[in-house]
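Asks: Just dropping this structure here.
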Amino acid sequence: MRDVAVIGVGCTRFGEKWSESFRDLFVEAGALALEDAQLSGEKIDAMYVGNMSAGRFIEQEHIGALIADYAGMATRHIPSTRVEAACASGGLAFRQAVIAVASGMEDIVVAAGVEKMTDVEPGASTDALTGAADREWEGFVGATFPGLYAMIAKDYMHKYAMTREQLAQVAVKNHYNGARNPIAQFQQEITLDTVLRSTMVAEPLRLFDCSPITDGAAAVILAPLERAREFTDTPIKVLATAQASDSIALHDRRDISTLDASVAAGQRAFKMAKLTHKDINMVEVHDCFSIAEICAIEDLGFCRKGTAGKFTADGETALGGRIPVNTSGGLKACGHPVGATGIKQVYEIVQQLRNDAGKRQIDGAKIGMTHNVGGTGATVAVHILGRV
Ligand code: COA
């Protein structure tokens with residue numbers, strides 16, 4: 001297997017993008033990544049595009065071909081493949097691209113993600129997202145994603161002594177980081193009061209415990225490490241790629257407030273990179289709801305089970321803390337265009353490792369991790385990236 005490096009990255013601003021179409025978003029992110037790698041489109045050998053539900057959100061399927069066409073690659077007939085794993089579609093697209101380059105099958109490969117979610121009514125977007133759960137056992141009886149994560153939060157708060165304020169601190173911290181990220185959907189700081197007084201969505205989760213509905217796209221370009229310096233002075237090496245799955249319905253889980261697929265993918269990634277959690281300088285985790293970040297940092301081993309609430313309230317996951325979590329603002333404040341999120345996480349880690357993260361820069365960042373979850377944890381992708 002060959003070593004693989006990220007040689008270029010691009011990301012649109014996230015938010016409600018009324019004036020840009022699905023294809024415009026992808027083209028913008030792809031062009032930014034090509035420009036970053038100082039590369040022309042003719043050099044691209046293959047593309048993997050993460051997208052969860054364009055069929056439901058914009059009534060468009062055949063996304064691999066659409067993207068190749070609008071990226072100007074159709075006449076070169078390069079392979080272009082859509083990757084779908086609900087909210088982990090981007091993470092899996094990145095993994096497929098890494099595998100393609102590592103195997104020697106392809107040299108210069110684009111991994112991208114795109115979603116346009118705001119063109120449908122809120123009920124329709126909630127129902128499309130419910131497709132990531134078990135439709136027969138969960139969706140048909142009225143469960144939504146806020147509802148499923150609310151059950152996880154209830155279970156967690158029943159078992160461990162986490163306070164409502166500690167849970168809210170996840171959102172306060174992520175909005176603080178989002179306010180320092182020019183591509184974030186929400187760039188305003190909030191207080192504990194903002195979270196605790198916001199509209200109840202699914203008890204105990206309130207509006208500010210939830211990631212929003214978002215349009216956006218992100219793209220990264222990969223190359224064999226031995227060729228990376230042809231394109232950039234700051235290649236970022238992919239140190240590990242890992243993926244795991246679990247039962248799709250929550251009721252089949254051993255413990256609903258531990259995502260065993262996160263545990264498995266995290267352990268596999270650390271083993272592949274020959275690293276431990278102490279080597280990681282920052283991590284982008286899948287905080288689709290505040291409780292999801294609490295579970296993630298425990299499942300990945302950054303703190304003991306049942307302690308993440310206090311760990312967060314003590315500032316250990318803030319900028320300057322022991323392990324900064326979601327420096328981008330996370331899904332909560334940066335936004336969550338579901339198919340693009342896994343690629344945006346890589347984008348953020350690359351910005352940090354290149355020392356390009358501006359007001360949210362982690363001093364001396366050398367190694368970062370991404371954690372991207374599909375549904376309530378039926379698919380998890382974990383990646384570790386490092387400075388060369
Ligand atoms: N956090 C903070 N503010 C939010 C927000 C969020 N998650 N979602 C919406 N807002 C704001 C909007 O900007 C708007 O503010 P404004 O009035 O100042 O413009 C206001 O709240 C109302 O927005 P609206 O779009 O009407 O919200 P909504 O009630 O239709 O949707 C949620 C709110 C929480 C239901 C929706 O964001 C949601 O479903 N989130 C979860 C998405 C999800 O499940 N993703 C997959 C996870 S696995």
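Identifiers in the structure tokens: chain A, B, ... in order shown; residue index from 1 per chain; ligand index from 1 in order shown.
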I'd like a table as CSV: residues in range 311-381 of chain A with an atom no more than 10 Å from range 27-51 of chain A, each row giving the shortest atom pair and its distance in Å to one decimal, only C-alpha atoms counted, sorted by chain and rising residue number.

Replies:
```
residue,atom,partner,partner_atom,distance
A:Pro337,CA,A:Asn51,CA,9.1
A:Val338,CA,A:Asn51,CA,7.3
A:Gly339,CA,A:Asn51,CA,4.1
A:Ala340,CA,A:Gly50,CA,6.5
A:Thr341,CA,A:Gly50,CA,9.0
A:Gly342,CA,A:Gly50,CA,8.4
A:Ile343,CA,A:Gly50,CA,8.3
A:Tyr347,CA,A:Ala33,CA,9.8
```

Asks: Restricting it to N, CA and C atoms, dump the selection as an mmCIF file, in the first residue's frame.

Replies:
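Now in out.cif:
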```cif
data_model
loop_
_atom_site.group_PDB
_atom_site.id
_atom_site.type_symbol
_atom_site.label_atom_id
_atom_site.label_comp_id
_atom_site.auth_asym_id
_atom_site.auth_seq_id
_atom_site.Cartn_x
_atom_site.Cartn_y
_atom_site.Cartn_z
ATOM 1 N N PRO A 337 -24.484 20.091 6.182
ATOM 2 C CA PRO A 337 -25.004 19.612 4.900
ATOM 3 C C PRO A 337 -24.599 18.136 4.810
ATOM 4 N N VAL A 338 -25.496 17.231 5.120
ATOM 5 C CA VAL A 338 -25.120 15.892 5.570
ATOM 6 C C VAL A 338 -24.031 15.192 4.738
ATOM 7 N N GLY A 339 -24.176 15.187 3.397
ATOM 8 C CA GLY A 339 -23.171 14.486 2.581
ATOM 9 C C GLY A 339 -21.813 15.163 2.577
ATOM 10 N N ALA A 340 -21.761 16.454 2.913
ATOM 11 C CA ALA A 340 -20.502 17.202 2.847
ATOM 12 C C ALA A 340 -19.735 17.208 4.166
ATOM 13 N N THR A 341 -20.417 16.878 5.269
ATOM 14 C CA THR A 341 -19.816 17.076 6.586
ATOM 15 C C THR A 341 -18.493 16.319 6.778
ATOM 16 N N GLY A 342 -18.426 15.077 6.349
ATOM 17 C CA GLY A 342 -17.188 14.284 6.551
ATOM 18 C C GLY A 342 -16.001 14.899 5.828
ATOM 19 N N ILE A 343 -16.248 15.528 4.682
ATOM 20 C CA ILE A 343 -15.152 16.167 3.933
ATOM 21 C C ILE A 343 -14.795 17.504 4.586
ATOM 22 N N TYR A 347 -11.257 19.028 5.788
ATOM 23 C CA TYR A 347 -10.876 20.403 5.413
ATOM 24 C C TYR A 347 -10.390 21.164 6.651
#
```

Asks: Name the residues of range 127-221 of chain A that come out as strand (DSSP E) in a backbone DSSP run; write them as a list in words.

Replies: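 Listing strand (DSSP E) positions across range 127-221 of chain A yields Met200, Val201, Ala202, Leu205, Arg206, Asp215, Gly216, Ala217, Ala218, Ala219, Val220 and Ile221 of chain A.
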
Asks: Save the residues we just selected, N, CA and C atoms, as a tab-separated table (two decimals), in the first residue's frame?

Replies:
```
chain	number	residue	atom	x	y	z
A	200	MET	N	-37.98	23.95	22.84
A	200	MET	CA	-37.82	22.51	23.02
A	200	MET	C	-38.08	21.81	21.68
A	201	VAL	N	-37.17	20.93	21.28
A	201	VAL	CA	-37.37	20.17	20.03
A	201	VAL	C	-37.80	18.75	20.36
A	202	ALA	N	-37.01	18.03	21.16
A	202	ALA	CA	-37.37	16.68	21.63
A	202	ALA	C	-36.71	16.56	22.99
A	205	LEU	N	-33.64	17.77	24.35
A	205	LEU	CA	-32.87	18.56	23.38
A	205	LEU	C	-33.66	19.78	22.90
A	206	ARG	N	-33.01	20.93	22.97
A	206	ARG	CA	-33.61	22.18	22.53
A	206	ARG	C	-32.99	22.61	21.20
A	215	ASP	N	-27.04	23.97	3.44
A	215	ASP	CA	-26.53	23.72	2.08
A	215	ASP	C	-25.02	23.91	2.11
A	216	GLY	N	-24.30	23.09	1.37
A	216	GLY	CA	-22.85	23.30	1.30
A	216	GLY	C	-22.14	22.15	0.62
A	217	ALA	N	-20.89	22.42	0.26
A	217	ALA	CA	-20.06	21.39	-0.39
A	217	ALA	C	-18.61	21.58	0.03
A	218	ALA	N	-17.88	20.48	0.02
A	218	ALA	CA	-16.45	20.51	0.34
A	218	ALA	C	-15.74	19.51	-0.56
A	219	ALA	N	-14.48	19.78	-0.87
A	219	ALA	CA	-13.71	18.87	-1.73
A	219	ALA	C	-12.26	18.84	-1.27
A	220	VAL	N	-11.65	17.67	-1.35
A	220	VAL	CA	-10.21	17.55	-1.09
A	220	VAL	C	-9.60	16.73	-2.22
A	221	ILE	N	-8.32	16.97	-2.47
A	221	ILE	CA	-7.64	16.23	-3.54
A	221	ILE	C	-6.50	15.42	-2.92
```

Asks: Determine the nearest neighbour of Thr327 in chain A from the options A:Lys305, A:Arg354, A:Arg180, A:Arg254, counting only C-alpha atoms.

Replies: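 The closest residue to Thr327 in chain A is A:Arg180.
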
Asks: Would you list the residues that come within 7 Å of ligand 1? Count only C-alpha atoms and all ligand atoms and give the answer as a list of chain:residue names.

Replies: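 Here is the list of contacting residues: A:Cys87, A:Pro122, A:Thr126, A:Leu129, A:Phe145, A:Pro146, A:Val201, A:Leu207, A:Phe208, A:Asp209, A:Cys210, A:Ser211, A:Pro212, A:Ile213, A:Cys288, A:Lys332, A:His336, A:Val338, A:Gly374, A:Gly375, A:Thr376.
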
Asks: For CA of Gln60 in chain A and CA of Val120 in chain A, determine how far apart the two atoms are, in Å to one decimal place.

Replies: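 One can read the CA of Gln60 in chain A to CA of Val120 in chain A distance as 13.1 Å.
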
Asks: Can you list, as a PyMOL selection string, every residue of range 132-273 of chain A that DSSP puts in alpha helix (DSSP H)?

Replies: chain A and resi 145-159+164-178+192-196+260-273

Asks: Leaving out Pro224 in chain A and any residue of its chain fewer than 2 positions from it, which residues lie within 8 Å of it when counting only C-alpha atoms, given as a PDB file with all heavy atoms, in the first residue's frame?

Replies:
```
ATOM      1  N   ARG A   2       0.480   2.263  -0.782  1.00  0.00           N
ATOM      2  CA  ARG A   2       1.257   3.512  -0.824  1.00  0.00           C
ATOM      3  C   ARG A   2       0.771   4.484   0.244  1.00  0.00           C
ATOM      4  O   ARG A   2      -0.408   4.487   0.605  1.00  0.00           O
ATOM      5  CB  ARG A   2       1.078   4.181  -2.186  1.00  0.00           C
ATOM      6  CG  ARG A   2       1.528   3.331  -3.343  1.00  0.00           C
ATOM      7  CD  ARG A   2       1.544   4.125  -4.624  1.00  0.00           C
ATOM      8  NE  ARG A   2       0.219   4.559  -5.057  1.00  0.00           N
ATOM      9  CZ  ARG A   2      -0.005   5.207  -6.198  1.00  0.00           C
ATOM     10  NH1 ARG A   2       1.002   5.532  -6.992  1.00  0.00           N
ATOM     11  NH2 ARG A   2      -1.224   5.561  -6.552  1.00  0.00           N
ATOM     12  N   ASP A   3       1.672   5.337   0.728  1.00  0.00           N
ATOM     13  CA  ASP A   3       1.238   6.437   1.597  1.00  0.00           C
ATOM     14  C   ASP A   3       0.466   7.443   0.756  1.00  0.00           C
ATOM     15  O   ASP A   3       0.787   7.685  -0.416  1.00  0.00           O
ATOM     16  CB  ASP A   3       2.453   7.127   2.217  1.00  0.00           C
ATOM     17  CG  ASP A   3       3.074   6.286   3.333  1.00  0.00           C
ATOM     18  OD1 ASP A   3       2.335   5.492   3.947  1.00  0.00           O
ATOM     19  OD2 ASP A   3       4.289   6.414   3.560  1.00  0.00           O
ATOM     20  N   VAL A   4      -0.545   8.070   1.397  1.00  0.00           N
ATOM     21  CA  VAL A   4      -1.437   9.000   0.682  1.00  0.00           C
ATOM     22  C   VAL A   4      -1.391  10.360   1.363  1.00  0.00           C
ATOM     23  O   VAL A   4      -1.287  10.444   2.594  1.00  0.00           O
ATOM     24  CB  VAL A   4      -2.886   8.453   0.710  1.00  0.00           C
ATOM     25  CG1 VAL A   4      -3.838   9.398  -0.017  1.00  0.00           C
ATOM     26  CG2 VAL A   4      -2.945   7.050   0.100  1.00  0.00           C
ATOM     27  N   ALA A   5      -1.462  11.426   0.561  1.00  0.00           N
ATOM     28  CA  ALA A   5      -1.451  12.786   1.125  1.00  0.00           C
ATOM     29  C   ALA A   5      -2.589  13.616   0.554  1.00  0.00           C
ATOM     30  O   ALA A   5      -3.008  13.415  -0.590  1.00  0.00           O
ATOM     31  CB  ALA A   5      -0.124  13.471   0.820  1.00  0.00           C
ATOM     32  N   VAL A 101      -6.092   5.550  -4.003  1.00  0.00           N
ATOM     33  CA  VAL A 101      -4.716   6.035  -4.193  1.00  0.00           C
ATOM     34  C   VAL A 101      -3.730   5.061  -3.532  1.00  0.00           C
ATOM     35  O   VAL A 101      -2.698   4.696  -4.128  1.00  0.00           O
ATOM     36  CB  VAL A 101      -4.541   7.461  -3.626  1.00  0.00           C
ATOM     37  CG1 VAL A 101      -3.090   7.933  -3.762  1.00  0.00           C
ATOM     38  CG2 VAL A 101      -5.475   8.441  -4.329  1.00  0.00           C
ATOM     39  N   ALA A 102      -4.043   4.597  -2.330  1.00  0.00           N
ATOM     40  CA  ALA A 102      -3.134   3.695  -1.600  1.00  0.00           C
ATOM     41  C   ALA A 102      -2.897   2.403  -2.383  1.00  0.00           C
ATOM     42  O   ALA A 102      -1.789   1.872  -2.407  1.00  0.00           O
ATOM     43  CB  ALA A 102      -3.711   3.375  -0.220  1.00  0.00           C
ATOM     44  N   ASP A 107      -4.000   7.802  -9.217  1.00  0.00           N
ATOM     45  CA  ASP A 107      -3.006   8.711  -8.625  1.00  0.00           C
ATOM     46  C   ASP A 107      -3.657   9.953  -8.010  1.00  0.00           C
ATOM     47  O   ASP A 107      -3.551  10.183  -6.824  1.00  0.00           O
ATOM     48  CB  ASP A 107      -1.989   9.126  -9.684  1.00  0.00           C
ATOM     49  CG  ASP A 107      -0.698   8.327  -9.546  1.00  0.00           C
ATOM     50  OD1 ASP A 107      -0.713   7.297  -8.838  1.00  0.00           O
ATOM     51  OD2 ASP A 107       0.316   8.736 -10.151  1.00  0.00           O
ATOM     52  N   ILE A 108      -4.309  10.755  -8.815  1.00  0.00           N
ATOM     53  CA  ILE A 108      -4.867  12.022  -8.332  1.00  0.00           C
ATOM     54  C   ILE A 108      -6.395  11.854  -8.241  1.00  0.00           C
ATOM     55  O   ILE A 108      -7.069  11.695  -9.264  1.00  0.00           O
ATOM     56  CB  ILE A 108      -4.523  13.199  -9.282  1.00  0.00           C
ATOM     57  CG1 ILE A 108      -3.034  13.201  -9.641  1.00  0.00           C
ATOM     58  CG2 ILE A 108      -4.954  14.520  -8.656  1.00  0.00           C
ATOM     59  CD1 ILE A 108      -2.100  13.437  -8.482  1.00  0.00           C
ATOM     60  N   LEU A 222      -6.437  14.152  -3.322  1.00  0.00           N
ATOM     61  CA  LEU A 222      -5.450  13.222  -2.774  1.00  0.00           C
ATOM     62  C   LEU A 222      -4.458  12.811  -3.851  1.00  0.00           C
ATOM     63  O   LEU A 222      -4.809  12.738  -5.030  1.00  0.00           O
ATOM     64  CB  LEU A 222      -6.156  11.959  -2.261  1.00  0.00           C
ATOM     65  CG  LEU A 222      -7.152  12.166  -1.124  1.00  0.00           C
ATOM     66  CD1 LEU A 222      -7.961  10.894  -0.875  1.00  0.00           C
ATOM     67  CD2 LEU A 222      -6.419  12.550   0.149  1.00  0.00           C
ATOM     68  N   GLU A 226       4.521  10.296  -2.306  1.00  0.00           N
ATOM     69  CA  GLU A 226       5.804  10.510  -3.012  1.00  0.00           C
ATOM     70  C   GLU A 226       5.666  11.556  -4.132  1.00  0.00           C
ATOM     71  O   GLU A 226       6.659  12.129  -4.550  1.00  0.00           O
ATOM     72  CB  GLU A 226       6.340   9.175  -3.555  1.00  0.00           C
ATOM     73  CG  GLU A 226       5.614   8.643  -4.776  1.00  0.00           C
ATOM     74  CD  GLU A 226       5.189   7.183  -4.642  1.00  0.00           C
ATOM     75  OE1 GLU A 226       5.131   6.669  -3.517  1.00  0.00           O
ATOM     76  OE2 GLU A 226       4.875   6.568  -5.689  1.00  0.00           O
ATOM     77  N   ARG A 227       4.422  11.831  -4.602  1.00  0.00           N
ATOM     78  CA  ARG A 227       4.231  12.851  -5.651  1.00  0.00           C
ATOM     79  C   ARG A 227       3.697  14.170  -5.100  1.00  0.00           C
ATOM     80  O   ARG A 227       3.573  15.147  -5.848  1.00  0.00           O
ATOM     81  CB  ARG A 227       3.247  12.339  -6.711  1.00  0.00           C
ATOM     82  CG  ARG A 227       3.812  11.253  -7.616  1.00  0.00           C
ATOM     83  CD  ARG A 227       2.907  11.045  -8.818  1.00  0.00           C
ATOM     84  NE  ARG A 227       2.684  12.278  -9.581  1.00  0.00           N
ATOM     85  CZ  ARG A 227       1.701  12.427 -10.467  1.00  0.00           C
ATOM     86  NH1 ARG A 227       0.868  11.447 -10.714  1.00  0.00           N
ATOM     87  NH2 ARG A 227       1.556  13.569 -11.127  1.00  0.00           N
ATOM     88  N   ALA A 228       3.387  14.194  -3.794  1.00  0.00           N
ATOM     89  CA  ALA A 228       2.636  15.328  -3.243  1.00  0.00           C
ATOM     90  C   ALA A 228       3.353  16.662  -3.418  1.00  0.00           C
ATOM     91  O   ALA A 228       2.713  17.694  -3.665  1.00  0.00           O
ATOM     92  CB  ALA A 228       2.341  15.076  -1.773  1.00  0.00           C
TER      93      ALA A 228
END
```

Asks: As an exercise, work out the distance from CA of Ala128 in chain A to CA of Ser53 in chain A in Å and give it to one decimal place.

Replies: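 Between CA of Ala128 in chain A and CA of Ser53 in chain A the gap is 7.1 Å.
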
Asks: What does the distance from CA of Ile236 in chain A to CA of His371 in chain A come to in Å, to one decimal?

Replies: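 Separating CA of Ile236 in chain A from CA of His371 in chain A is a distance of 17.3 Å.
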
Asks: Calculated over only C-alpha atoms, which of the candidates A:Ile323, A:Ile291, A:Ile362, A:Ile152 has the smallest distance to Cys303 in chain A?

Replies: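 Ranked by minimum distance to Cys303 in chain A, first place goes to A:Ile323.
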
Asks: Which is closest to Phe22 in chain A among A:Ile7, A:Ala264, A:Val238, A:Ile58, if we use only C-alpha atoms?

Replies: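 For Phe22 in chain A, the nearest of the candidates is A:Ile58.
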
Asks: Extract, using only C-alpha atoms, all DNA, RNA and protein residues at most 12 Å from Met151 in chain A, discarding same-chain residues fewer than 3 positions from it, and format them as a compact mmCIF listing (two decimals) with all heavy atoms, in the first residue's frame.

Replies:
```txt
# COMPACT_ATOMS: atom_id res chain seq x y z
N ALA A 143 -40.46 8.15 15.01
CA ALA A 143 -39.16 8.64 15.50
C ALA A 143 -38.52 9.54 14.44
O ALA A 143 -38.56 9.24 13.25
CB ALA A 143 -38.25 7.47 15.83
N THR A 144 -37.92 10.64 14.89
CA THR A 144 -37.14 11.52 14.02
C THR A 144 -35.72 11.52 14.58
O THR A 144 -35.48 11.01 15.68
CB THR A 144 -37.68 12.96 14.08
OG1 THR A 144 -37.58 13.39 15.46
CG2 THR A 144 -39.13 13.03 13.63
N PHE A 145 -34.80 12.17 13.88
CA PHE A 145 -33.43 12.19 14.42
C PHE A 145 -33.31 12.94 15.75
O PHE A 145 -32.69 12.44 16.68
CB PHE A 145 -32.40 12.62 13.38
CG PHE A 145 -31.81 11.40 12.78
CD1 PHE A 145 -32.34 10.84 11.65
CD2 PHE A 145 -30.81 10.71 13.46
CE1 PHE A 145 -31.87 9.62 11.17
CE2 PHE A 145 -30.34 9.50 12.99
CZ PHE A 145 -30.87 8.95 11.84
N PRO A 146 -33.96 14.13 15.85
CA PRO A 146 -33.92 14.75 17.19
C PRO A 146 -34.51 13.81 18.24
O PRO A 146 -34.00 13.71 19.36
CB PRO A 146 -34.77 16.02 17.01
CG PRO A 146 -34.64 16.35 15.55
CD PRO A 146 -34.58 15.02 14.84
N GLY A 147 -35.57 13.08 17.89
CA GLY A 147 -36.21 12.16 18.84
C GLY A 147 -35.28 11.02 19.24
O GLY A 147 -35.18 10.66 20.42
N LEU A 148 -34.58 10.44 18.27
CA LEU A 148 -33.68 9.32 18.58
C LEU A 148 -32.51 9.78 19.46
O LEU A 148 -32.16 9.11 20.44
CB LEU A 148 -33.16 8.69 17.27
CG LEU A 148 -34.23 7.95 16.45
CD1 LEU A 148 -33.73 7.64 15.04
CD2 LEU A 148 -34.65 6.66 17.15
N LYS A 154 -31.48 11.07 27.16
CA LYS A 154 -32.22 10.66 28.36
C LYS A 154 -31.52 9.49 29.04
O LYS A 154 -31.34 9.46 30.26
CB LYS A 154 -33.64 10.21 27.96
CG LYS A 154 -34.59 11.33 27.73
CD LYS A 154 -35.23 11.68 29.07
CE LYS A 154 -36.35 12.68 28.90
NZ LYS A 154 -36.74 13.24 30.19
N ASP A 155 -31.14 8.51 28.23
CA ASP A 155 -30.48 7.31 28.75
C ASP A 155 -29.15 7.69 29.43
O ASP A 155 -28.85 7.26 30.55
CB ASP A 155 -30.23 6.32 27.60
CG ASP A 155 -29.54 5.05 28.07
OD1 ASP A 155 -30.16 4.30 28.84
OD2 ASP A 155 -28.37 4.82 27.68
N TYR A 156 -28.39 8.56 28.73
CA TYR A 156 -27.08 8.98 29.25
C TYR A 156 -27.24 9.74 30.57
O TYR A 156 -26.55 9.47 31.56
CB TYR A 156 -26.37 9.85 28.21
CG TYR A 156 -24.96 10.22 28.61
CD1 TYR A 156 -23.87 9.52 28.10
CD2 TYR A 156 -24.70 11.26 29.51
CE1 TYR A 156 -22.57 9.83 28.47
CE2 TYR A 156 -23.41 11.58 29.89
CZ TYR A 156 -22.35 10.86 29.37
OH TYR A 156 -21.07 11.18 29.76
N MET A 157 -28.20 10.67 30.60
CA MET A 157 -28.38 11.50 31.81
C MET A 157 -28.94 10.67 32.97
O MET A 157 -28.70 10.99 34.13
CB MET A 157 -29.26 12.71 31.50
CG MET A 157 -28.57 13.67 30.55
SD MET A 157 -29.62 14.95 29.88
CE MET A 157 -29.33 16.27 31.03
N HIS A 158 -29.66 9.60 32.64
CA HIS A 158 -30.17 8.71 33.67
C HIS A 158 -29.00 7.91 34.29
O HIS A 158 -28.95 7.71 35.51
CB HIS A 158 -31.20 7.76 33.05
CG HIS A 158 -31.70 6.70 33.96
ND1 HIS A 158 -32.52 6.98 35.04
CD2 HIS A 158 -31.49 5.36 33.98
CE1 HIS A 158 -32.79 5.85 35.68
NE2 HIS A 158 -32.17 4.86 35.06
N ALA A 202 -37.01 18.03 21.16
CA ALA A 202 -37.37 16.68 21.63
C ALA A 202 -36.71 16.56 22.99
O ALA A 202 -35.49 16.46 23.07
CB ALA A 202 -36.89 15.61 20.67
N GLU A 203 -37.49 16.59 24.02
CA GLU A 203 -37.00 16.64 25.40
C GLU A 203 -35.92 15.59 25.69
O GLU A 203 -36.12 14.44 25.35
CB GLU A 203 -38.21 16.40 26.33
CG GLU A 203 -38.20 17.18 27.63
CD GLU A 203 -37.52 16.39 28.73
OE1 GLU A 203 -37.80 15.19 28.88
OE2 GLU A 203 -36.70 16.98 29.43
N PRO A 204 -34.73 15.92 26.16
CA PRO A 204 -34.29 17.21 26.68
C PRO A 204 -33.58 18.11 25.66
O PRO A 204 -32.98 19.10 26.04
CB PRO A 204 -33.26 16.77 27.74
CG PRO A 204 -32.61 15.56 27.13
CD PRO A 204 -33.70 14.86 26.36
N LEU A 205 -33.64 17.77 24.35
CA LEU A 205 -32.87 18.56 23.38
C LEU A 205 -33.66 19.78 22.90
O LEU A 205 -34.81 19.65 22.45
CB LEU A 205 -32.47 17.68 22.18
CG LEU A 205 -31.63 16.45 22.53
CD1 LEU A 205 -31.32 15.63 21.27
CD2 LEU A 205 -30.33 16.84 23.25
N LEU A 250 -31.79 1.64 17.11
CA LEU A 250 -31.23 1.82 18.46
C LEU A 250 -31.57 0.66 19.39
O LEU A 250 -30.76 0.26 20.23
CB LEU A 250 -31.79 3.09 19.09
CG LEU A 250 -31.07 4.41 18.86
CD1 LEU A 250 -31.73 5.50 19.71
CD2 LEU A 250 -29.59 4.29 19.21
N HIS A 251 -32.79 0.08 19.25
CA HIS A 251 -33.22 -0.92 20.23
C HIS A 251 -32.40 -2.21 20.18
O HIS A 251 -32.48 -3.03 21.08
CB HIS A 251 -34.72 -1.24 20.10
CG HIS A 251 -35.10 -1.88 18.80
ND1 HIS A 251 -35.85 -1.24 17.84
CD2 HIS A 251 -34.81 -3.10 18.29
CE1 HIS A 251 -36.02 -2.07 16.81
NE2 HIS A 251 -35.40 -3.19 17.06
N ASP A 255 -25.91 -0.91 24.31
CA ASP A 255 -25.98 0.24 25.22
C ASP A 255 -26.20 1.45 24.31
O ASP A 255 -25.31 1.78 23.51
CB ASP A 255 -24.63 0.34 25.97
CG ASP A 255 -24.45 1.66 26.69
OD1 ASP A 255 -25.42 2.45 26.77
OD2 ASP A 255 -23.34 1.92 27.17
N ILE A 256 -27.36 2.10 24.41
CA ILE A 256 -27.65 3.13 23.39
C ILE A 256 -26.83 4.41 23.57
O ILE A 256 -26.74 5.22 22.66
CB ILE A 256 -29.16 3.46 23.28
CG1 ILE A 256 -29.70 4.16 24.52
CG2 ILE A 256 -29.97 2.24 22.91
CD1 ILE A 256 -31.08 4.78 24.29
N SER A 257 -26.22 4.60 24.74
CA SER A 257 -25.41 5.82 24.88
C SER A 257 -23.91 5.56 24.69
O SER A 257 -23.09 6.43 24.99
CB SER A 257 -25.71 6.54 26.20
OG SER A 257 -25.68 5.67 27.27
N PHE A 289 -26.05 16.43 17.40
CA PHE A 289 -26.77 16.94 18.58
C PHE A 289 -25.73 17.03 19.69
O PHE A 289 -24.74 16.29 19.67
CB PHE A 289 -27.93 16.00 18.95
CG PHE A 289 -28.93 15.91 17.84
CD1 PHE A 289 -28.84 14.91 16.88
CD2 PHE A 289 -29.93 16.87 17.70
CE1 PHE A 289 -29.73 14.87 15.81
CE2 PHE A 289 -30.82 16.83 16.62
CZ PHE A 289 -30.71 15.83 15.68
N ILE A 291 -25.57 15.90 22.59
CA ILE A 291 -25.29 14.61 23.25
C ILE A 291 -24.34 13.76 22.39
O ILE A 291 -23.55 12.97 22.92
CB ILE A 291 -26.60 13.84 23.57
CG1 ILE A 291 -26.31 12.55 24.36
CG2 ILE A 291 -27.38 13.50 22.32
CD1 ILE A 291 -25.71 12.76 25.71
N ALA A 292 -24.39 13.94 21.07
CA ALA A 292 -23.54 13.13 20.19
C ALA A 292 -22.06 13.46 20.43
O ALA A 292 -21.20 12.57 20.36
CB ALA A 292 -23.91 13.36 18.73
N THR A 376 -27.70 6.99 13.77
CA THR A 376 -27.37 7.07 15.20
C THR A 376 -26.13 6.24 15.51
O THR A 376 -25.91 5.85 16.66
CB THR A 376 -28.55 6.57 16.06
OG1 THR A 376 -28.96 5.28 15.58
CG2 THR A 376 -29.72 7.54 16.03
```
